[in-house]
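Note: the block below is structure_0.csv and it holds CSV, C-alpha atoms and all ligand atoms.
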```csv
chain,number,residue,atom,x,y,z
A,1,MET,CA,14.7,-20.1,-10.4
A,2,ASP,CA,16.8,-19.5,-13.5
A,3,ALA,CA,17.3,-15.9,-12.6
A,4,PRO,CA,17.2,-13.4,-15.5
A,5,GLU,CA,20.1,-10.9,-15.1
A,6,GLU,CA,18.6,-7.7,-15.9
A,7,ASN,CA,16.8,-5.5,-13.4
A,8,LEU,CA,16.3,-2.1,-15.0
A,9,THR,CA,15.5,0.3,-12.1
A,10,ALA,CA,14.5,4.0,-12.0
A,11,VAL,CA,16.6,5.8,-9.5
A,12,LEU,CA,16.4,9.4,-8.4
A,13,HIS,CA,19.9,10.7,-7.6
A,14,ALA,CA,19.1,14.3,-7.0
A,15,VAL,CA,16.6,17.0,-8.2
A,16,ASN,CA,16.0,16.5,-11.9
A,17,ASP,CA,18.5,13.7,-12.0
A,18,LEU,CA,16.5,10.5,-12.6
A,19,ARG,CA,18.4,7.6,-14.1
A,20,LEU,CA,17.7,4.1,-15.4
A,21,GLU,CA,20.2,1.7,-13.9
A,22,ASN,CA,20.7,-2.0,-13.9
A,23,ARG,CA,20.6,-3.2,-10.3
A,24,PRO,CA,20.9,-6.8,-8.8
A,25,ILE,CA,17.7,-8.7,-8.6
A,26,PRO,CA,16.8,-8.8,-4.9
A,27,VAL,CA,16.4,-12.1,-3.0
A,28,PRO,CA,13.2,-12.4,-1.0
A,29,LYS,CA,13.5,-12.7,2.8
A,30,ASP,CA,11.6,-15.5,4.5
A,31,ASP,CA,8.4,-13.4,4.7
A,32,GLU,CA,8.8,-11.7,1.4
A,33,VAL,CA,8.0,-12.4,-2.3
A,34,LEU,CA,10.0,-11.5,-5.3
A,35,LEU,CA,7.8,-9.8,-7.9
A,36,GLU,CA,8.1,-9.2,-11.6
A,37,MET,CA,6.8,-5.6,-11.7
A,38,HIS,CA,4.0,-4.7,-14.1
A,39,CYS,CA,2.2,-1.4,-13.6
A,40,VAL,CA,3.6,1.6,-11.6
A,41,GLY,CA,1.6,4.8,-11.6
A,42,ILE,CA,3.2,8.2,-11.1
A,43,CYS,CA,2.0,10.0,-7.9
A,44,GLY,CA,2.1,13.7,-7.1
A,45,SER,CA,4.7,12.9,-4.4
A,46,ASP,CA,7.0,11.2,-6.9
A,47,VAL,CA,6.9,14.3,-9.0
A,48,HIS,CA,7.6,16.4,-5.9
A,49,TYR,CA,10.7,14.5,-5.1
A,50,TYR,CA,11.8,14.7,-8.7
A,51,VAL,CA,11.4,18.4,-8.9
A,52,LYS,CA,12.1,19.6,-5.3
A,53,GLY,CA,14.0,16.7,-3.7
A,54,ALA,CA,11.9,16.8,-0.5
A,55,ILE,CA,8.4,16.8,1.0
A,56,GLY,CA,8.5,18.5,4.4
A,57,ASP,CA,11.0,16.6,6.6
A,58,PHE,CA,11.4,13.8,4.1
A,59,VAL,CA,14.6,14.8,2.2
A,60,LEU,CA,16.3,12.9,-0.6
A,61,LYS,CA,19.9,12.4,0.7
A,62,GLU,CA,20.8,9.2,-1.0
A,63,PRO,CA,19.8,7.8,-4.4
A,64,MET,CA,16.2,6.4,-4.2
A,65,VAL,CA,14.2,4.1,-6.4
A,66,MET,CA,11.0,5.7,-7.4
A,67,GLY,CA,7.4,4.4,-7.4
A,68,HIS,CA,4.7,3.3,-5.0
A,69,GLU,CA,1.5,2.8,-6.9
A,70,ALA,CA,2.2,-0.7,-8.2
A,71,SER,CA,1.2,-4.2,-9.2
A,72,GLY,CA,3.3,-7.2,-10.1
A,73,VAL,CA,3.4,-11.0,-10.5
A,74,VAL,CA,5.0,-13.3,-7.9
A,75,VAL,CA,8.1,-15.1,-9.2
A,76,GLU,CA,9.5,-16.5,-6.0
A,77,ILE,CA,8.4,-16.8,-2.4
A,78,GLY,CA,10.3,-16.8,0.9
A,79,LYS,CA,10.2,-19.9,3.0
A,80,ASN,CA,7.5,-18.7,5.5
A,81,VAL,CA,5.1,-17.4,2.8
A,82,LYS,CA,1.7,-19.1,2.8
A,83,ASN,CA,-0.7,-16.7,1.2
A,84,LEU,CA,0.9,-16.5,-2.3
A,85,LYS,CA,2.5,-18.7,-4.9
A,86,PRO,CA,4.5,-18.1,-8.0
A,87,GLY,CA,2.3,-16.8,-10.8
A,88,ASP,CA,-0.1,-14.9,-8.5
A,89,ARG,CA,-0.9,-11.4,-9.8
A,90,VAL,CA,-0.9,-8.9,-6.9
A,91,ALA,CA,-1.5,-5.3,-5.9
A,92,ILE,CA,1.3,-4.0,-3.6
A,93,GLU,CA,0.4,-2.0,-0.5
A,94,PRO,CA,3.6,0.2,-0.4
A,95,GLY,CA,3.8,0.9,3.3
A,96,VAL,CA,5.0,-1.9,5.6
A,97,PRO,CA,4.7,-0.9,9.3
A,98,CYS,CA,6.7,-2.1,12.3
A,99,ARG,CA,3.7,-4.3,13.5
A,100,LYS,CA,4.8,-3.8,17.1
A,101,CYS,CA,4.0,-0.2,18.2
A,102,SER,CA,0.7,0.9,19.8
A,103,TYR,CA,-0.5,2.4,16.5
A,104,CYS,CA,0.1,-0.9,14.6
A,105,LYS,CA,-1.6,-2.9,17.4
A,106,GLU,CA,-4.6,-0.6,17.4
A,107,GLY,CA,-5.0,-1.0,13.6
A,108,CYS,CA,-4.0,2.5,12.5
A,109,TYR,CA,-0.7,1.3,11.1
A,110,ASN,CA,-0.6,4.3,8.8
A,111,LEU,CA,0.5,6.3,11.8
A,112,CYS,CA,3.4,4.0,12.7
A,113,ARG,CA,6.6,6.0,13.1
A,114,ASP,CA,8.7,3.3,11.7
A,115,ILE,CA,6.7,2.5,8.6
A,116,VAL,CA,8.8,1.6,5.6
A,117,PHE,CA,7.0,3.3,2.7
A,118,CYS,CA,8.1,2.9,-0.9
A,119,ALA,CA,9.7,5.9,-2.4
A,120,THR,CA,9.6,8.0,0.7
A,121,PRO,CA,13.2,8.8,1.7
A,122,PRO,CA,15.2,6.9,2.8
A,123,TYR,CA,13.2,3.9,1.5
A,124,HIS,CA,13.3,2.6,-2.1
A,125,GLY,CA,10.2,2.3,-4.2
A,126,ASN,CA,9.3,-0.3,-6.8
A,127,LEU,CA,9.7,1.3,-10.3
A,128,ALA,CA,11.9,-1.6,-11.5
A,129,ARG,CA,11.8,-4.8,-13.4
A,130,TYR,CA,12.0,-6.9,-10.1
A,131,TYR,CA,11.3,-6.0,-6.5
A,132,THR,CA,10.8,-7.8,-3.2
A,133,HIS,CA,8.0,-6.9,-0.7
A,134,ALA,CA,6.4,-8.3,2.5
A,135,ALA,CA,4.0,-11.0,1.3
A,136,ASP,CA,1.2,-10.0,3.6
A,137,PHE,CA,1.2,-6.5,2.1
A,138,CYS,CA,0.6,-8.0,-1.3
A,139,TYR,CA,-3.1,-8.6,-2.3
A,140,LYS,CA,-3.9,-11.4,-4.8
A,141,LEU,CA,-5.9,-9.9,-7.7
A,142,PRO,CA,-8.9,-11.9,-8.9
A,143,ASP,CA,-8.7,-12.8,-12.6
A,144,TYR,CA,-11.2,-10.2,-13.6
A,145,LEU,CA,-9.1,-7.3,-12.3
A,146,THR,CA,-6.3,-6.0,-14.6
A,147,MET,CA,-2.7,-5.1,-13.5
A,148,GLU,CA,-3.6,-1.4,-14.2
A,149,GLU,CA,-6.5,-1.7,-11.7
A,150,GLY,CA,-4.1,-3.4,-9.3
A,151,ALA,CA,-1.8,-0.4,-9.3
A,152,LEU,CA,-4.7,2.1,-9.1
A,153,LEU,CA,-5.8,0.4,-5.9
A,154,GLU,CA,-3.2,2.5,-4.1
A,155,PRO,CA,-4.7,5.9,-4.8
A,156,LEU,CA,-8.2,4.3,-4.5
A,157,ALA,CA,-7.3,3.2,-1.0
A,158,VAL,CA,-6.6,6.9,-0.2
A,159,GLY,CA,-10.2,7.8,-1.4
A,160,VAL,CA,-11.7,4.9,0.6
A,161,HIS,CA,-9.8,5.9,3.7
A,162,ALA,CA,-10.9,9.5,3.4
A,163,CYS,CA,-14.6,8.6,2.9
A,164,ARG,CA,-14.5,6.2,5.9
A,165,LYS,CA,-12.9,8.9,8.1
A,166,ALA,CA,-15.6,11.3,6.9
A,167,ASN,CA,-18.3,8.7,7.6
A,168,VAL,CA,-19.7,9.0,4.1
A,169,THR,CA,-22.9,6.9,4.1
A,170,LEU,CA,-26.3,6.5,2.4
A,171,GLY,CA,-27.7,10.0,1.7
A,172,SER,CA,-24.5,12.0,2.4
A,173,THR,CA,-24.1,15.1,0.4
A,174,VAL,CA,-20.5,15.7,-0.4
A,175,LEU,CA,-18.3,18.5,-1.8
A,176,ILE,CA,-15.0,17.4,-3.2
A,177,THR,CA,-12.5,20.3,-3.8
A,178,GLY,CA,-10.0,19.3,-6.5
A,179,SER,CA,-10.5,16.9,-9.4
A,180,GLY,CA,-7.0,15.5,-9.7
A,181,PRO,CA,-6.4,11.8,-9.1
A,182,ILE,CA,-7.2,12.0,-5.4
A,183,GLY,CA,-10.4,14.0,-5.9
A,184,LEU,CA,-11.5,11.4,-8.5
A,185,VAL,CA,-10.8,8.4,-6.2
A,186,SER,CA,-12.6,10.2,-3.4
A,187,LEU,CA,-15.6,10.7,-5.7
A,188,ILE,CA,-15.6,7.0,-6.7
A,189,ALA,CA,-15.4,5.9,-3.1
A,190,ALA,CA,-18.1,8.4,-2.0
A,191,LYS,CA,-20.6,7.3,-4.6
A,192,ALA,CA,-19.9,3.6,-3.8
A,193,MET,CA,-20.5,4.3,-0.1
A,194,GLY,CA,-23.9,5.7,-0.9
A,195,ALA,CA,-23.5,9.5,-1.1
A,196,SER,CA,-26.6,10.8,-2.8
A,197,LYS,CA,-25.0,13.9,-4.3
A,198,VAL,CA,-21.4,14.7,-4.9
A,199,LEU,CA,-20.2,18.0,-6.3
A,200,VAL,CA,-16.6,18.4,-7.5
A,201,THR,CA,-14.7,21.6,-8.0
A,202,ASP,CA,-11.6,22.4,-10.0
A,203,VAL,CA,-10.0,25.1,-12.2
A,204,VAL,CA,-9.5,22.7,-15.2
A,205,THR,CA,-12.5,21.9,-17.3
A,206,GLN,CA,-11.0,18.7,-18.6
A,207,ARG,CA,-10.7,17.4,-15.0
A,208,LEU,CA,-14.3,18.3,-14.3
A,209,ASN,CA,-15.4,16.4,-17.3
A,210,LEU,CA,-13.5,13.4,-16.0
A,211,ALA,CA,-15.3,13.8,-12.7
A,212,LYS,CA,-18.7,13.8,-14.5
A,213,SER,CA,-17.7,10.6,-16.3
A,214,PHE,CA,-17.0,9.1,-12.9
A,215,GLY,CA,-20.5,9.9,-11.7
A,216,ALA,CA,-20.2,13.4,-10.1
A,217,ASP,CA,-23.8,14.8,-9.7
A,218,GLY,CA,-22.4,18.2,-10.4
A,219,VAL,CA,-19.2,20.1,-11.1
A,220,LEU,CA,-18.2,23.6,-10.3
A,221,SER,CA,-15.5,25.5,-12.1
A,222,VAL,CA,-13.8,27.8,-9.7
A,223,ARG,CA,-11.9,30.9,-10.8
A,224,LYS,CA,-9.4,33.1,-9.0
A,225,TYR,CA,-11.7,36.0,-8.7
A,226,ASP,CA,-14.7,34.0,-7.2
A,227,THR,CA,-15.3,35.1,-3.6
A,228,GLU,CA,-15.8,32.6,-0.8
A,229,PRO,CA,-19.5,33.6,-0.1
A,230,ILE,CA,-20.3,33.4,-3.8
A,231,LEU,CA,-18.7,30.0,-4.2
A,232,ALA,CA,-20.3,28.7,-0.9
A,233,GLU,CA,-23.7,29.9,-2.3
A,234,LYS,CA,-23.1,28.1,-5.6
A,235,VAL,CA,-22.2,24.9,-3.7
A,236,LYS,CA,-25.4,25.2,-1.7
A,237,GLU,CA,-27.5,25.7,-4.9
A,238,ALA,CA,-25.9,22.8,-6.7
A,239,LEU,CA,-26.4,20.4,-3.9
A,240,GLY,CA,-29.8,21.7,-2.8
A,241,GLY,CA,-28.4,22.5,0.6
A,242,MET,CA,-25.1,22.8,2.3
A,243,PRO,CA,-23.0,19.6,2.1
A,244,SER,CA,-22.8,17.3,5.1
A,245,ILE,CA,-19.2,16.4,4.2
A,246,CYS,CA,-16.3,18.1,2.4
A,247,ILE,CA,-13.3,16.2,1.1
A,248,GLU,CA,-10.5,18.6,0.5
A,249,CYS,CA,-8.2,17.2,-2.2
A,250,SER,CA,-6.4,20.2,-3.6
A,251,GLY,CA,-4.1,21.5,-0.8
A,252,VAL,CA,-4.9,25.0,-2.1
A,253,GLU,CA,-5.7,27.6,0.6
A,254,SER,CA,-8.8,29.1,-1.1
A,255,SER,CA,-10.2,25.5,-1.5
A,256,ILE,CA,-9.5,24.6,2.1
A,257,ARG,CA,-11.3,27.8,3.2
A,258,LEU,CA,-14.2,27.0,0.9
A,259,ALA,CA,-14.5,23.5,2.3
A,260,ILE,CA,-14.8,24.9,5.8
A,261,VAL,CA,-17.3,27.7,5.1
A,262,ALA,CA,-19.4,25.6,2.7
A,263,VAL,CA,-20.0,22.6,5.0
A,264,ARG,CA,-23.1,22.6,7.0
A,265,ALA,CA,-23.1,23.2,10.8
A,266,GLY,CA,-22.1,20.0,12.5
A,267,GLY,CA,-20.6,18.6,9.3
A,268,THR,CA,-17.2,17.1,8.6
A,269,VAL,CA,-14.2,18.3,6.5
A,270,VAL,CA,-11.5,15.8,5.8
A,271,MET,CA,-8.2,17.1,4.7
A,272,VAL,CA,-6.6,14.8,2.0
A,273,GLY,CA,-4.8,17.3,-0.1
A,274,MET,CA,-1.5,18.5,1.3
A,275,GLY,CA,-0.4,22.0,0.5
A,276,PRO,CA,1.9,24.5,2.3
A,277,GLN,CA,2.8,23.9,5.9
A,278,ASP,CA,1.0,27.0,7.1
A,279,VAL,CA,-2.5,27.8,5.9
A,280,LYS,CA,-4.9,30.5,7.1
A,281,VAL,CA,-8.3,29.1,7.8
A,282,PRO,CA,-11.6,30.5,9.2
A,283,LEU,CA,-11.2,28.5,12.4
A,284,ILE,CA,-13.7,30.5,14.5
A,285,ASN,CA,-16.4,30.1,11.9
A,286,ALA,CA,-15.7,26.3,12.0
A,287,CYS,CA,-15.8,26.2,15.8
A,288,CYS,CA,-19.0,28.2,16.2
A,289,ARG,CA,-20.7,25.8,13.8
A,290,GLU,CA,-19.2,22.7,15.4
A,291,VAL,CA,-17.6,21.7,12.1
A,292,VAL,CA,-15.3,18.7,12.5
A,293,ILE,CA,-12.0,19.1,10.7
A,294,LYS,CA,-10.1,15.8,10.4
A,295,GLY,CA,-6.7,15.0,9.1
A,296,VAL,CA,-6.4,11.9,7.0
A,297,PHE,CA,-3.1,10.2,6.3
A,298,ARG,CA,-2.7,7.6,3.5
A,299,TYR,CA,-4.7,4.5,4.5
A,300,ALA,CA,-4.9,1.5,6.8
A,301,ASN,CA,-6.8,-1.7,6.2
A,302,ASP,CA,-8.4,-0.1,3.1
A,303,TYR,CA,-7.0,-2.3,0.3
A,304,PRO,CA,-9.5,-5.1,0.7
A,305,LEU,CA,-12.4,-2.6,0.5
A,306,ALA,CA,-10.9,-0.8,-2.4
A,307,MET,CA,-10.6,-4.2,-4.2
A,308,GLU,CA,-14.3,-5.0,-3.4
A,309,LEU,CA,-15.2,-1.6,-4.9
A,310,LEU,CA,-13.5,-2.4,-8.2
A,311,SER,CA,-14.9,-6.0,-8.1
A,312,THR,CA,-18.4,-4.7,-8.4
A,313,GLY,CA,-17.5,-3.7,-11.9
A,314,LYS,CA,-19.5,-0.5,-11.6
A,315,VAL,CA,-16.6,1.8,-12.1
A,316,ASP,CA,-13.8,1.6,-14.7
A,317,ILE,CA,-11.1,3.4,-12.8
A,318,ARG,CA,-8.7,2.9,-15.7
A,319,LYS,CA,-10.3,6.0,-17.3
A,320,MET,CA,-8.0,7.9,-15.0
A,321,ILE,CA,-5.0,6.8,-17.0
A,322,THR,CA,-4.3,9.4,-19.6
A,323,HIS,CA,-0.7,8.4,-20.5
A,324,ASN,CA,1.2,5.1,-20.8
A,325,TYR,CA,5.0,4.5,-21.0
A,326,THR,CA,7.3,1.6,-20.8
A,327,LEU,CA,10.0,1.3,-18.1
A,328,GLU,CA,12.6,2.3,-20.7
A,329,GLU,CA,10.6,5.5,-21.3
A,330,THR,CA,10.5,6.5,-17.6
A,331,LEU,CA,12.4,9.8,-18.1
A,332,LEU,CA,9.9,10.8,-20.7
A,333,ALA,CA,7.0,9.8,-18.4
A,334,TYR,CA,8.4,11.9,-15.6
A,335,ASP,CA,9.0,14.8,-17.9
A,336,THR,CA,5.3,14.7,-18.9
A,337,ALA,CA,4.4,14.6,-15.2
A,338,ARG,CA,6.7,17.6,-14.5
A,339,THR,CA,5.6,19.8,-17.4
A,340,GLY,CA,1.9,18.8,-17.4
A,341,GLN,CA,2.1,18.7,-21.2
A,342,GLY,CA,-1.0,17.0,-22.6
A,343,ASN,CA,-2.9,17.5,-19.3
A,344,PRO,CA,-2.0,14.2,-17.7
A,345,VAL,CA,-4.2,12.9,-14.9
A,346,LYS,CA,-2.7,9.5,-14.2
A,347,ILE,CA,0.5,8.4,-15.9
A,348,MET,CA,1.2,4.6,-15.9
A,349,ILE,CA,4.5,3.0,-16.4
A,350,HIS,CA,4.6,-0.6,-17.7
A,351,CYS,CA,7.6,-2.5,-16.3
A,352,ASN,CA,7.4,-6.0,-17.8
A,353,LYS,CA,9.3,-6.7,-21.0
A,401,LIG,O1,0.1,7.3,-2.0
A,401,LIG,C1,0.3,7.8,-0.8
A,401,LIG,C2,0.7,9.2,-0.8
A,401,LIG,N1,0.8,9.9,0.2
A,401,LIG,C3,1.1,11.2,0.2
A,401,LIG,C4,1.3,11.8,-1.0
A,401,LIG,C5,1.2,11.0,-2.1
A,401,LIG,N2,0.9,9.7,-2.0
A,401,LIG,N3,1.3,11.9,1.3
A,401,LIG,C6,1.7,13.3,1.2
A,401,LIG,C7,3.0,13.4,1.8
A,401,LIG,N4,3.1,12.8,3.1
A,401,LIG,S1,4.3,13.2,4.1
A,401,LIG,O2,4.0,12.9,5.4
A,401,LIG,N5,5.6,12.3,3.6
A,401,LIG,C8,6.4,12.7,2.6
A,401,LIG,C9,5.8,11.1,4.3
A,401,LIG,O3,4.6,14.6,3.8
A,401,LIG,C10,2.6,11.4,3.1
A,401,LIG,C11,1.3,11.3,2.6
A,402,ZN,ZN,0.9,8.4,-3.7
```
Give the structure from this file in structure tokens form.
Amino acid sequence: MDAPEENLTAVLHAVNDLRLENRPIPVPKDDEVLLEMHCVGICGSDVHYYVKGAIGDFVLKEPMVMGHEASGVVVEIGKNVKNLKPGDRVAIEPGVPCRKCSYCKEGCYNLCRDIVFCATPPYHGNLARYYTHAADFCYKLPDYLTMEEGALLEPLAVGVHACRKANVTLGSTVLITGSGPIGLVSLIAAKAMGASKVLVTDVVTQRLNLAKSFGADGVLSVRKYDTEPILAEKVKEALGGMPSICIECSGVESSIRLAIVAVRAGGTVVMVGMGPQDVKVPLINACCREVVIKGVFRYANDYPLAMELLSTGKVDIRKMITHNYTLEETLLAYDTARTGQGNPVKIMIHCNK
């Protein structure tokens, strides 16, 4: 390959210290591909590292390349790569597990202790002009899917995983707490999997309107002064009964509590949103009603299904994108994400020249 020299890369050095740097173009290993990056979405976790420098035990200690919701085009392949060729457009699954541990062997590779996940310290992400990745964690996009959709497969996989874990099926009635990107992808997945009624809550009307446009059967605006019993009653009214499943996507204590008290006896609550480490929940209420509370963590084997979902053409997930920036405008993009100015839902950075 006649290698272009420039590889503009967005590197987080410390809290509020994000820089654009020119780094060497990486060389793909035998099982890897070199990608020309196209779309990279900004995720809540990226913003968290930018503003706080850590999420739980994952602490930024060395400069880290940002970005993990991404798509790109193959420009070079390692000598063992059989599934891709130069020119292929791909969605990048950002977590590459060890493939050897019991979790990996059992198929739940999202729980692998040694997973290398883009832009989770100490591992670099892919917000750059060029980036190398394991070829078998790149999914060739059909011609009818755009690079934006390729990048949005990452959050969509989170929604697909949450709905599979919750056993959403034909006739499920679902409460989704939180109408941010993860609430929206959970809504899209739940409707695609056959949920008959989905109700979405949030505090921001604009987000609820977006939920409606993605097929929510109802939306519920929650206010600080609403009490749990009143909200649970409103949920029941809106759905014509208590939901069989709640998908918690806000990480906010009051919403987590609502999900637990609102779900019907024997129902399931899946916890997708991540808030503070310690949360007070009505556990005995849940136990006495045999409510199943499940943790969900990222995704495993969900990209192919998420791609199938978009391939039906029934949802235009790109409606989630409220802001677009070039790679050169990365600092502006992160500032928009940090301040929330202009009510961003999904911010997309375009890396190709
Ligand atoms: O796109 C995957 C993803 N996962 C998130 C957050 C945003 N995007 N998680 C929340 C944070 N955890 S973590 O365990 N961690 C930093 C590794 O606290 C991962 C899942
Ligand atoms: Zn993410």
Subject >> Expected answer as a ChimeraX atom specification: residues within 12 Å of ligand ZN 402 (chain A), only C-alpha atoms and all ligand atoms >> reply: /A:40-49,66-70,93-95,117-120,125,151-159,181-182,185,272-274,297-299,346
Could I get the residues of stretch 187-265 of chain A with an atom no further than 10 Å from an atom of stretch 306-324 of chain A, each paired with its nearest atom pair and that distance in Å to one decimal, using all atoms listed in the file, sorted by chain and residue number, as JSON lines?
```
{"residue": "A:Ile188", "atom": "CA", "partner": "A:Val315", "partner_atom": "CA", "distance": 7.6}
{"residue": "A:Ala189", "atom": "CA", "partner": "A:Leu309", "partner_atom": "CA", "distance": 7.7}
{"residue": "A:Ala192", "atom": "CA", "partner": "A:Leu309", "partner_atom": "CA", "distance": 7.1}
{"residue": "A:Met193", "atom": "CA", "partner": "A:Leu309", "partner_atom": "CA", "distance": 9.3}
{"residue": "A:Arg207", "atom": "CA", "partner": "A:Met320", "partner_atom": "CA", "distance": 9.9}
{"residue": "A:Leu210", "atom": "CA", "partner": "A:Met320", "partner_atom": "CA", "distance": 7.8}
{"residue": "A:Ala211", "atom": "CA", "partner": "A:Met320", "partner_atom": "CA", "distance": 9.7}
{"residue": "A:Ser213", "atom": "CA", "partner": "A:Lys319", "partner_atom": "CA", "distance": 8.8}
{"residue": "A:Phe214", "atom": "CA", "partner": "A:Val315", "partner_atom": "CA", "distance": 7.4}
{"residue": "A:Gly215", "atom": "CA", "partner": "A:Val315", "partner_atom": "CA", "distance": 9.0}
```
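Nearest to A:Asp31 of all the residues A:Gly53, A:Gly78, A:Pro63, A:Gly72 is A:Gly78, based on all atoms listed in the file.
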Contacts between stretch 166-169 of chain A and stretch 203-294 of chain A, please, where a residue of stretch 203-294 of chain A counts if it comes within 12 Å (with all atoms listed in the file); show its shortest atom pair and distance in Å to one decimal, rows by chain and ascending number, as a tab-separated table.
```
residue	atom	partner	partner_atom	distance
A:Pro243	CA	A:Val168	CA	11.3
A:Ser244	CA	A:Val168	CA	8.9
A:Ile245	CA	A:Ala166	CA	6.8
A:Cys246	CA	A:Ala166	CA	8.2
A:Ile247	CA	A:Ala166	CA	7.9
A:Glu248	CA	A:Ala166	CA	11.0
A:Gly267	CA	A:Ala166	CA	9.2
A:Thr268	CA	A:Ala166	CA	6.3
A:Val269	CA	A:Ala166	CA	7.1
A:Val270	CA	A:Ala166	CA	6.2
A:Met271	CA	A:Ala166	CA	9.7
A:Val272	CA	A:Ala166	CA	10.8
A:Val291	CA	A:Ala166	CA	11.8
A:Val292	CA	A:Ala166	CA	9.3
A:Ile293	CA	A:Ala166	CA	9.4
A:Lys294	CA	A:Ala166	CA	7.9
```
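Rounded to one decimal, atom CA of A:His13 and atom CA of A:Cys351 lie 20.0 Å from each other.
For the atom pair formed by atom CA of A:Phe137 and atom CA of A:Gly183, the distance is 24.9 Å, given to one decimal.
Atom CA of A:Tyr325 sits 24.8 Å away from atom CA of A:Leu60.
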